file input.cif (mmCIF, C-alpha atoms)
data_model
loop_
_atom_site.label_atom_id
_atom_site.label_comp_id
_atom_site.auth_asym_id
_atom_site.auth_seq_id
_atom_site.Cartn_x
_atom_site.Cartn_y
_atom_site.Cartn_z
CA ILE A 1 -89.00 85.71 -4.01
CA THR A 2 -87.98 85.13 -7.63
CA TYR A 3 -91.61 84.94 -8.74
CA PHE A 4 -92.75 88.12 -6.98
CA ALA A 5 -89.67 90.12 -8.04
CA TRP A 6 -89.76 89.07 -11.71
CA PRO A 7 -92.90 90.26 -13.53
CA TYR A 8 -91.99 88.20 -16.61
CA LEU A 9 -92.89 85.08 -14.63
CA TRP A 10 -96.34 86.31 -13.72
CA ILE A 11 -97.70 85.54 -17.20
CA ASP A 12 -96.51 81.93 -17.36
CA PRO A 13 -94.16 81.07 -14.45
CA PHE A 14 -92.76 77.70 -15.51
CA ARG A 15 -92.52 78.21 -19.26
CA ASN A 16 -91.04 81.72 -19.00
CA PHE A 17 -88.52 80.65 -16.37
CA TYR A 18 -87.39 77.77 -18.59
CA GLU A 19 -87.17 80.07 -21.61
CA ALA A 20 -85.13 82.64 -19.67
CA ALA A 21 -82.79 79.96 -18.33
CA GLN A 22 -82.21 78.63 -21.86
CA THR A 23 -81.42 82.10 -23.20
CA MET A 24 -79.07 82.93 -20.33
CA ALA A 25 -77.25 79.61 -20.64
CA SER A 26 -76.53 80.23 -24.31
CA PHE A 27 -76.74 83.99 -24.74
CA PRO A 28 -76.35 84.99 -28.40
CA PHE A 29 -73.62 87.60 -27.88
CA PRO A 30 -73.25 89.38 -31.27
CA LEU A 31 -69.63 90.58 -30.95
CA GLU A 32 -66.35 88.71 -30.99
CA VAL A 33 -64.29 88.25 -27.83
CA LEU A 34 -60.61 89.19 -27.67
CA PHE A 35 -58.55 86.59 -25.86
CA SER A 36 -54.78 86.11 -25.96
CA GLY A 37 -54.49 88.30 -29.04
CA HIS A 38 -57.14 86.42 -31.08
CA TYR A 39 -60.84 87.00 -31.69
CA TYR A 40 -63.33 84.24 -30.91
CA ALA A 41 -67.07 83.81 -30.98
CA ALA A 42 -68.48 83.94 -27.44
CA SER A 43 -69.72 80.37 -27.89
CA ASP A 44 -66.38 79.06 -29.19
CA LEU A 45 -63.81 80.20 -26.64
CA PRO A 46 -60.82 78.06 -25.62
CA ARG A 47 -61.42 76.01 -22.48
CA ILE A 48 -58.59 77.89 -20.77
CA TYR A 49 -60.45 81.23 -21.14
CA PHE A 50 -62.15 81.32 -17.74
CA PRO A 51 -59.33 80.03 -15.48
CA GLN A 52 -56.74 82.12 -17.29
CA LEU A 53 -58.65 85.36 -16.81
CA LEU A 54 -59.23 84.51 -13.15
CA ALA A 55 -55.47 84.15 -12.78
CA PHE A 56 -54.77 87.40 -14.64
CA GLN A 57 -57.23 89.82 -13.03
CA PHE A 58 -56.46 89.40 -9.34
CA THR A 59 -53.32 90.73 -7.71
CA LEU A 60 -50.54 88.20 -7.29
CA PRO A 61 -50.72 88.34 -3.47
CA ALA A 62 -54.45 87.60 -3.66
CA LEU A 63 -53.83 84.58 -5.90
CA ALA A 64 -51.10 83.24 -3.64
CA LEU A 65 -53.23 83.69 -0.52
CA ALA A 66 -56.27 82.03 -2.13
CA LEU A 67 -54.19 79.00 -3.08
CA GLY A 68 -52.72 78.93 0.41
CA GLY A 69 -56.20 79.11 1.93
CA LEU A 70 -57.36 76.24 -0.27
CA ALA A 71 -54.42 74.11 0.86
CA ILE A 72 -55.19 74.91 4.53
CA ILE A 73 -58.86 73.96 4.14
CA ILE A 74 -58.05 70.68 2.42
CA LEU A 75 -55.55 69.84 5.15
CA LYS A 76 -58.08 70.62 7.88
CA LEU A 77 -60.73 68.53 6.15
CA VAL A 78 -58.35 65.59 5.89
CA ARG A 79 -57.49 65.92 9.59
CA LYS A 80 -61.18 66.41 10.46
CA GLN A 81 -60.39 69.63 12.31
CA VAL A 82 -63.35 71.55 10.85
CA ARG A 83 -66.96 70.94 9.95
CA SER A 84 -66.95 69.34 6.53
CA LEU A 85 -70.47 70.51 5.64
CA GLU A 86 -69.70 74.22 6.09
CA LEU A 87 -66.41 74.11 4.22
CA GLY A 88 -67.92 71.82 1.60
CA LEU A 89 -70.54 74.45 0.88
CA LEU A 90 -67.82 77.09 0.68
CA LEU A 91 -65.76 75.07 -1.80
CA GLY A 92 -68.87 74.11 -3.76
CA TRP A 93 -69.83 77.77 -4.08
CA PHE A 94 -66.69 78.28 -6.15
CA PHE A 95 -65.82 74.94 -7.70
CA ALA A 96 -69.30 73.81 -8.80
CA PRO A 97 -69.93 76.77 -11.17
CA PHE A 98 -66.25 76.83 -12.13
CA SER A 99 -66.27 73.15 -13.11
CA LEU A 100 -69.57 73.39 -14.96
CA ALA A 101 -68.22 76.33 -16.96
CA LEU A 102 -65.17 74.30 -17.97
CA ILE A 103 -67.22 71.24 -18.89
CA PHE A 104 -70.12 72.83 -20.78
CA GLN A 105 -68.34 75.99 -22.00
CA PRO A 106 -71.32 78.33 -22.07
CA PRO A 107 -70.95 81.57 -24.06
CA MET A 108 -68.83 84.06 -22.12
CA TYR A 109 -67.87 87.63 -22.90
CA ASP A 110 -66.67 90.78 -21.15
CA ASN A 111 -64.08 88.60 -19.43
CA PHE A 112 -65.76 86.61 -16.62
CA ARG A 113 -68.37 89.10 -15.45
CA GLN A 114 -71.12 86.45 -15.64
CA PHE A 115 -69.30 84.64 -12.82
CA PHE A 116 -68.69 87.49 -10.39
CA PHE A 117 -70.88 85.63 -7.90
CA ILE A 118 -68.12 83.05 -7.31
CA ILE A 119 -65.57 85.66 -6.20
CA PRO A 120 -66.63 85.91 -2.50
CA PRO A 121 -65.42 82.39 -1.63
CA LEU A 122 -62.01 83.27 -3.05
CA PHE A 123 -61.72 86.05 -0.49
CA LEU A 124 -62.86 83.71 2.24
CA LEU A 125 -59.98 81.43 1.22
CA ILE A 126 -57.68 84.44 1.44
CA GLY A 127 -59.00 85.02 4.95
CA PHE A 128 -58.08 81.49 6.01
CA CYS A 129 -54.53 81.99 4.78
CA LEU A 130 -54.18 85.42 6.39
CA GLU A 131 -55.41 84.04 9.69
CA ALA A 132 -52.79 81.28 9.56
CA LEU A 133 -50.02 83.76 8.71
CA ILE A 134 -50.93 86.14 11.50
CA ARG A 135 -51.00 83.31 14.04
CA VAL A 136 -47.36 82.43 13.31
CA ILE A 137 -46.20 86.07 13.42
CA PRO A 138 -46.27 87.24 17.06
CA ARG A 139 -45.27 90.89 16.60
CA LYS A 140 -48.01 93.37 15.67
CA LEU A 141 -45.68 95.61 13.67
CA VAL A 142 -44.58 92.70 11.51
CA GLN A 143 -48.20 91.68 11.01
CA LEU A 144 -49.11 95.20 9.90
CA ALA A 145 -46.09 95.39 7.61
CA LEU A 146 -47.06 92.08 5.99
CA LEU A 147 -50.66 93.20 5.50
CA GLY A 148 -49.42 96.46 4.00
CA LEU A 149 -47.25 94.60 1.49
CA LEU A 150 -50.10 92.27 0.54
CA ILE A 151 -52.61 95.04 -0.18
CA ALA A 152 -50.09 97.46 -1.72
CA PRO A 153 -50.52 96.27 -5.34
CA GLY A 154 -54.30 96.64 -5.15
CA ILE A 155 -54.09 100.13 -3.65
CA TYR A 156 -51.40 101.28 -6.06
CA TRP A 157 -53.10 100.08 -9.23
CA GLY A 158 -56.53 101.11 -8.01
CA ALA A 159 -55.28 104.68 -7.63
CA ARG A 160 -53.33 104.64 -10.89
CA LEU A 161 -56.16 103.21 -13.01
CA HIS A 162 -59.02 105.19 -11.43
CA PRO A 163 -61.79 105.34 -12.59
CA TYR A 164 -61.00 102.33 -14.80
CA GLU A 165 -59.95 99.94 -12.03
CA TYR A 166 -61.76 97.02 -13.65
CA THR A 167 -59.26 97.05 -16.52
CA TYR A 168 -56.55 95.76 -14.15
CA TYR A 169 -54.29 92.87 -15.17
CA ASN A 170 -51.47 91.55 -13.04
CA MET A 171 -47.87 90.96 -14.06
CA LEU A 172 -48.61 87.50 -15.45
CA THR A 173 -49.64 89.43 -18.57
CA GLY A 174 -47.06 92.18 -18.12
CA GLY A 175 -49.71 94.34 -16.47
CA LEU A 176 -52.32 96.38 -18.30
CA ALA A 177 -49.75 97.38 -20.92
CA GLY A 178 -49.12 93.73 -21.74
CA ALA A 179 -52.85 92.98 -21.86
CA TYR A 180 -53.59 95.87 -24.24
CA ARG A 181 -55.01 94.54 -27.55
CA GLN A 182 -54.42 91.03 -26.22
CA TYR A 183 -57.38 90.88 -23.82
CA GLU A 184 -60.53 92.90 -23.21
CA THR A 185 -59.88 96.02 -21.15
CA ASP A 186 -62.58 98.73 -21.07
CA TYR A 187 -65.31 96.44 -22.41
CA TRP A 188 -68.09 98.62 -20.96
CA ALA A 189 -66.70 101.73 -22.68
CA THR A 190 -66.70 103.69 -19.43
CA SER A 191 -63.98 105.81 -21.03
CA PHE A 192 -66.60 107.33 -23.35
CA GLN A 193 -67.59 109.78 -20.61
CA GLU A 194 -64.10 111.29 -20.55
CA ALA A 195 -63.95 111.32 -24.37
CA VAL A 196 -67.31 113.08 -24.64
CA GLU A 197 -66.36 115.61 -21.97
CA TYR A 198 -63.34 116.53 -24.09
CA VAL A 199 -65.55 116.99 -27.16
CA ASN A 200 -67.99 119.06 -25.09
CA GLN A 201 -65.16 121.50 -24.37
CA VAL A 202 -63.86 121.91 -27.94
CA ALA A 203 -66.76 121.24 -30.30
CA PRO A 204 -68.57 124.18 -31.95
CA GLU A 205 -72.30 124.53 -31.44
CA GLY A 206 -74.35 121.95 -33.36
CA ALA A 207 -71.36 119.75 -34.24
CA THR A 208 -71.92 116.16 -35.34
CA ILE A 209 -70.19 113.33 -33.48
CA ALA A 210 -69.96 109.83 -34.94
CA VAL A 211 -69.58 107.19 -32.23
CA SER A 212 -68.70 103.52 -32.31
CA LEU A 213 -70.48 100.95 -30.19
CA PRO A 214 -71.83 101.52 -27.56
CA ALA A 215 -72.99 104.93 -28.76
CA HIS A 216 -75.73 105.33 -26.14
CA ILE A 217 -73.08 106.20 -23.53
CA ALA A 218 -71.97 109.18 -25.60
CA VAL A 219 -75.59 110.33 -25.93
CA THR A 220 -75.86 110.38 -22.13
CA TYR A 221 -72.96 112.82 -21.64
CA ALA A 222 -72.99 114.91 -24.83
CA ARG A 223 -74.02 118.58 -24.79
CA PRO A 224 -77.68 119.04 -25.78
CA ASP A 225 -76.75 120.92 -28.97
CA LEU A 226 -74.44 118.19 -30.28
CA LYS A 227 -75.75 115.63 -32.74
CA VAL A 228 -74.60 112.10 -31.91
CA VAL A 229 -74.81 109.57 -34.76
CA TYR A 230 -74.00 105.89 -34.84
CA TYR A 231 -71.03 104.82 -36.94
CA PHE A 232 -71.96 101.14 -37.19
CA GLY A 233 -75.10 99.22 -37.98
CA SER A 234 -78.36 100.12 -39.65
CA LYS A 235 -78.40 103.55 -37.99
CA PHE A 236 -75.20 104.63 -39.74
CA ASP A 237 -75.58 107.10 -42.61
CA PRO A 238 -72.40 107.05 -44.74
CA SER A 239 -73.33 110.40 -46.32
CA ILE A 240 -72.75 112.17 -42.97
CA THR A 241 -69.40 113.88 -42.50
CA ALA A 242 -68.85 114.03 -38.78
CA ASP A 243 -67.00 116.89 -37.12
CA PHE A 244 -65.69 114.50 -34.47
CA ALA A 245 -65.51 110.77 -34.04
CA ILE A 246 -65.31 108.80 -30.79
CA ALA A 247 -64.24 105.18 -30.92
CA ALA A 248 -63.37 102.50 -28.40
CA THR A 249 -60.27 100.39 -28.90
CA ARG A 250 -62.38 97.29 -28.25
CA LEU A 251 -62.59 95.18 -31.43
CA ASP A 252 -60.17 97.74 -32.91
CA PHE A 253 -63.05 100.17 -33.52
CA ASP A 254 -60.57 103.03 -33.24
CA GLN A 255 -58.88 101.79 -36.43
CA GLN A 256 -62.16 101.29 -38.31
CA VAL A 257 -64.04 104.51 -37.49
CA TYR A 258 -63.06 107.19 -40.03
CA PRO A 259 -59.55 105.79 -40.56
CA GLU A 260 -58.64 108.95 -42.50
CA TYR A 261 -59.31 111.15 -39.45
CA GLU A 262 -56.50 112.05 -37.07
CA VAL A 263 -56.49 111.23 -33.35
CA VAL A 264 -56.65 114.43 -31.28
CA TYR A 265 -57.35 112.95 -27.84
CA GLN A 266 -56.87 109.61 -26.10
CA VAL A 267 -58.36 108.16 -22.94
CA ARG A 268 -55.58 105.99 -21.64
CA ARG A 269 -53.76 104.60 -18.68
CA GLY A 270 -50.08 104.15 -19.42
CA GLU A 271 -49.64 102.36 -22.75
CA ALA A 272 -53.24 101.11 -22.82
CA VAL A 273 -55.67 103.27 -24.81
CA PHE A 274 -59.38 102.80 -24.07
CA ALA A 275 -60.96 105.34 -26.42
CA VAL A 276 -59.92 107.97 -28.95
CA VAL A 277 -61.37 111.20 -30.29
CA LYS A 278 -60.74 111.93 -33.97
CA GLN A 279 -61.13 114.93 -36.24
CA PRO A 280 -60.69 115.51 -39.97
CA ALA A 281 -57.19 116.80 -40.66
CA ALA A 282 -58.61 119.89 -42.41
CA ALA A 283 -60.59 120.82 -39.29
CA GLN A 284 -57.41 120.92 -37.24
CA ASP A 285 -55.75 123.23 -39.74
#

call {"tool": "encode", "arguments": {"input": "input.cif", "output": "structure tokens"}}
result
Amino acid sequence: ITYFAWPYLWIDPFRNFYEAAQTMASFPFPLEVLFSGHYYAASDLPRIYFPQLLAFQFTLPALALALGGLAIIILKLVRKQVRSLELGLLLGWFFAPFSLALIFQPPMYDNFRQFFFIIPPLFLLIGFCLEALIRVIPRKLVQLALLGLLIAPGIYWGARLHPYEYTYYNMLTGGLAGAYRQYETDYWATSFQEAVEYVNQVAPEGATIAVSLPAHIAVTYARPDLKVVYYFGSKFDPSITADFAIAATRLDFDQQVYPEYEVVYQVRRGEAVFAVVKQPAAAQD
């Protein structure tokens, strides 16, 4: 399946697969990673990076239930009440990649998105714990009330953060407000759509917009008459005076892009700002 679905392998299957595996295992991520208020190279992160983010980006009920489910499985394995092969595969699905990441510390960035594939077994562990809880609670109304309490944080924060749900942090960090400028939040710059839509409404025809990384998102949503230019890198022309600037707060780009401009719009949730729109002070006058 891999061979037929991956044209890169058709040229030289074994060599190209090995080359791709090497690149993926040590991806040369060019930007720094914000973790616990400090910037690190993606290849030089503290060993605690991965487990700490796992603990911070799930709701507290989910964490408690997953730990409870793990304890239940271990107890059943010790008592030989379940098939060890099936549960061994389940635990291996999570703990094998998790342990290898801790031991070899491959480059990681954008929080733990390279390891999303190990999340399903966590929810299976949650299922084991929920099943045990429901069995000891005979009344349906109490069961429903308990389930409502357990999912309430996820529903509440999902609605409050929409459409930036993936920026969620639990109260171990003080919530999203506590994680702001301490950990990565909107690392995919999804907030650029809202920022560009604001500029689309207020910018005069033919205006120039300077955009921080990743500028291609702004190009996607900008009005056809607007000129989008890159603020960073070889594509940046310092002689250009932009009418507007859009910058993400990731890597503090909002403080670096035209620092003399004034912020006229923010994409935010609570105290956490994801992106800003700036204008020259004279233009506002």

call {"tool": "resolve_selection", "arguments": {"input": "input.cif", "expression": "the PyMOL selection byres ((chain A and resi 153) around 12)", "output": "list in words"}}
result
Phe58, Thr59, Leu60, Pro61, Ala62, Leu147, Gly148, Leu149, Leu150, Ile151, Ala152, Gly154, Ile155, Tyr156, Trp157, Gly158, Ala159, Arg160, Leu161, Tyr168, Tyr169, Asn170, Met171 and Gly175 of chain A

call {"tool": "atom_distance", "arguments": {"input": "input.cif", "atom1": "atom CA of Tyr180 of chain A", "atom2": "atom CA of Arg113 of chain A"}}
result
18.5 Å

call {"tool": "closest_residue", "arguments": {"input": "input.cif", "among": "A:Ile1, A:Val257, A:Ile246, A:Ile126", "to": "Leu67 of chain A", "atoms": "all atoms listed in the file"}}
result
A:Ile126

call {"tool": "residues_near_point", "arguments": {"input": "input.cif", "point": "(-70.7, 120.7, -32.9)", "cutoff": "8 Å", "atoms": "all atoms listed in the file", "output": "number ranges by chain"}}
result
A: 203-209, 225-227, 243

call {"tool": "atom_distance", "arguments": {"input": "input.cif", "atom1": "atom CA of Ser43 of chain A", "atom2": "atom CA of Arg181 of chain A"}}
result
20.4 Å

call {"tool": "atom_distance", "arguments": {"input": "input.cif", "atom1": "atom CA of Gln193 of chain A", "atom2": "atom CA of Tyr221 of chain A"}}
result
6.3 Å

call {"tool": "resolve_selection", "arguments": {"input": "input.cif", "expression": "the PyMOL selection byres ((chain A and resi 66) around 8)", "output": "VMD selection string"}}
result
chain A and resid 62 to 65 67 to 70 122 to 123 125 to 126 129

call {"tool": "residues_around", "arguments": {"input": "input.cif", "residues": "Phe236 of chain A", "least_positions_apart": "4", "cutoff": "10 Å", "atoms": "only C-alpha atoms", "output": "PyMOL selection string"}}
result
chain A and resi 210-212+229-232+240

call {"tool": "resolve_selection", "arguments": {"input": "input.cif", "expression": "the PyMOL selection byres ((chain A and resi 39-42) around 9)", "output": "compact mmCIF listing (two decimals) with C-alpha atoms, keeping the file's coordinate frame"}}
result
# COMPACT_ATOMS: atom_id res chain seq x y z
CA PHE A 27 -76.74 83.99 -24.74
CA PRO A 28 -76.35 84.99 -28.40
CA PHE A 29 -73.62 87.60 -27.88
CA PRO A 30 -73.25 89.38 -31.27
CA LEU A 31 -69.63 90.58 -30.95
CA GLU A 32 -66.35 88.71 -30.99
CA VAL A 33 -64.29 88.25 -27.83
CA LEU A 34 -60.61 89.19 -27.67
CA PHE A 35 -58.55 86.59 -25.86
CA SER A 36 -54.78 86.11 -25.96
CA GLY A 37 -54.49 88.30 -29.04
CA HIS A 38 -57.14 86.42 -31.08
CA SER A 43 -69.72 80.37 -27.89
CA ASP A 44 -66.38 79.06 -29.19
CA LEU A 45 -63.81 80.20 -26.64
CA PRO A 46 -60.82 78.06 -25.62
CA PRO A 106 -71.32 78.33 -22.07
CA PRO A 107 -70.95 81.57 -24.06
CA MET A 108 -68.83 84.06 -22.12
CA TYR A 109 -67.87 87.63 -22.90
CA LEU A 251 -62.59 95.18 -31.43

call {"tool": "closest_residue", "arguments": {"input": "input.cif", "among": "A:Leu85, A:Ile73, A:Phe115, A:Ala145", "to": "Gly127 of chain A", "atoms": "all atoms listed in the file"}}
result
A:Ile73

call {"tool": "residues_around", "arguments": {"input": "input.cif", "residues": "Pro214 of chain A", "least_positions_apart": "3", "cutoff": "9 Å", "atoms": "all atoms listed in the file", "output": "PDB file with C-alpha atoms, in the frame of the given file"}}
result
ATOM      1  CA  TRP A 188     -68.090  98.620 -20.960  1.00  0.00           C
ATOM      2  CA  ALA A 189     -66.700 101.730 -22.680  1.00  0.00           C
ATOM      3  CA  PHE A 192     -66.600 107.330 -23.350  1.00  0.00           C
ATOM      4  CA  VAL A 211     -69.580 107.190 -32.230  1.00  0.00           C
ATOM      5  CA  ILE A 217     -73.080 106.200 -23.530  1.00  0.00           C
ATOM      6  CA  ALA A 218     -71.970 109.180 -25.600  1.00  0.00           C
ATOM      7  CA  TYR A 230     -74.000 105.890 -34.840  1.00  0.00           C
ATOM      8  CA  ALA A 248     -63.370 102.500 -28.400  1.00  0.00           C
TER       9      ALA A 248
END

call {"tool": "residues_around", "arguments": {"input": "input.cif", "residues": "Ser99 of chain A", "least_positions_apart": "5", "cutoff": "12 Å", "atoms": "all atoms listed in the file", "output": "list in words"}}
result
Arg47, Ile48, Phe50, Pro51, Leu91, Gly92, Trp93, Phe94, Phe104, Gln105, Pro106, Phe115 and Ile118 of chain A

call {"tool": "closest_residue", "arguments": {"input": "input.cif", "among": "A:Pro138, A:Ser84, A:Leu213, A:Tyr265", "to": "Glu197 of chain A", "atoms": "all atoms listed in the file"}}
result
A:Tyr265

call {"tool": "closest_atom_pairs", "arguments": {"input": "input.cif", "of": "segment 153-201 of chain A", "to": "segment 268-280 of chain A", "cutoff": "9 Å", "atoms": "all atoms listed in the file", "output": "CSV"}}
result
residue,atom,partner,partner_atom,distance
A:Arg160,CA,A:Arg269,CA,7.8
A:Leu161,CA,A:Arg269,CA,6.3
A:His162,CA,A:Arg269,CA,9.0
A:Tyr164,CA,A:Arg269,CA,8.5
A:Leu176,CA,A:Ala272,CA,6.6
A:Ala177,CA,A:Glu271,CA,5.3
A:Gly178,CA,A:Ala272,CA,8.5
A:Ala179,CA,A:Ala272,CA,8.2
A:Tyr180,CA,A:Ala272,CA,5.4
A:Arg181,CA,A:Ala272,CA,8.3
A:Thr185,CA,A:Phe274,CA,7.4
A:Asp186,CA,A:Phe274,CA,6.0
A:Tyr187,CA,A:Phe274,CA,8.9
A:Ala189,CA,A:Phe274,CA,7.5
A:Thr190,CA,A:Phe274,CA,8.7
A:Ser191,CA,A:Ala275,CA,6.2
A:Phe192,CA,A:Ala275,CA,6.7
A:Glu194,CA,A:Ala275,CA,8.9
A:Ala195,CA,A:Val277,CA,6.5
A:Val196,CA,A:Val277,CA,8.4
A:Tyr198,CA,A:Val277,CA,8.4
A:Val199,CA,A:Val277,CA,7.8

call {"tool": "closest_residue", "arguments": {"input": "input.cif", "among": "A:Thr241, A:Gln201, A:Asn16, A:Asn111", "to": "Leu54 of chain A", "atoms": "only C-alpha atoms"}}
result
A:Asn111

call {"tool": "closest_residue", "arguments": {"input": "input.cif", "among": "A:Thr249, A:Gln114, A:Gln255, A:Gln182", "to": "Pro97 of chain A", "atoms": "only C-alpha atoms"}}
result
A:Gln114
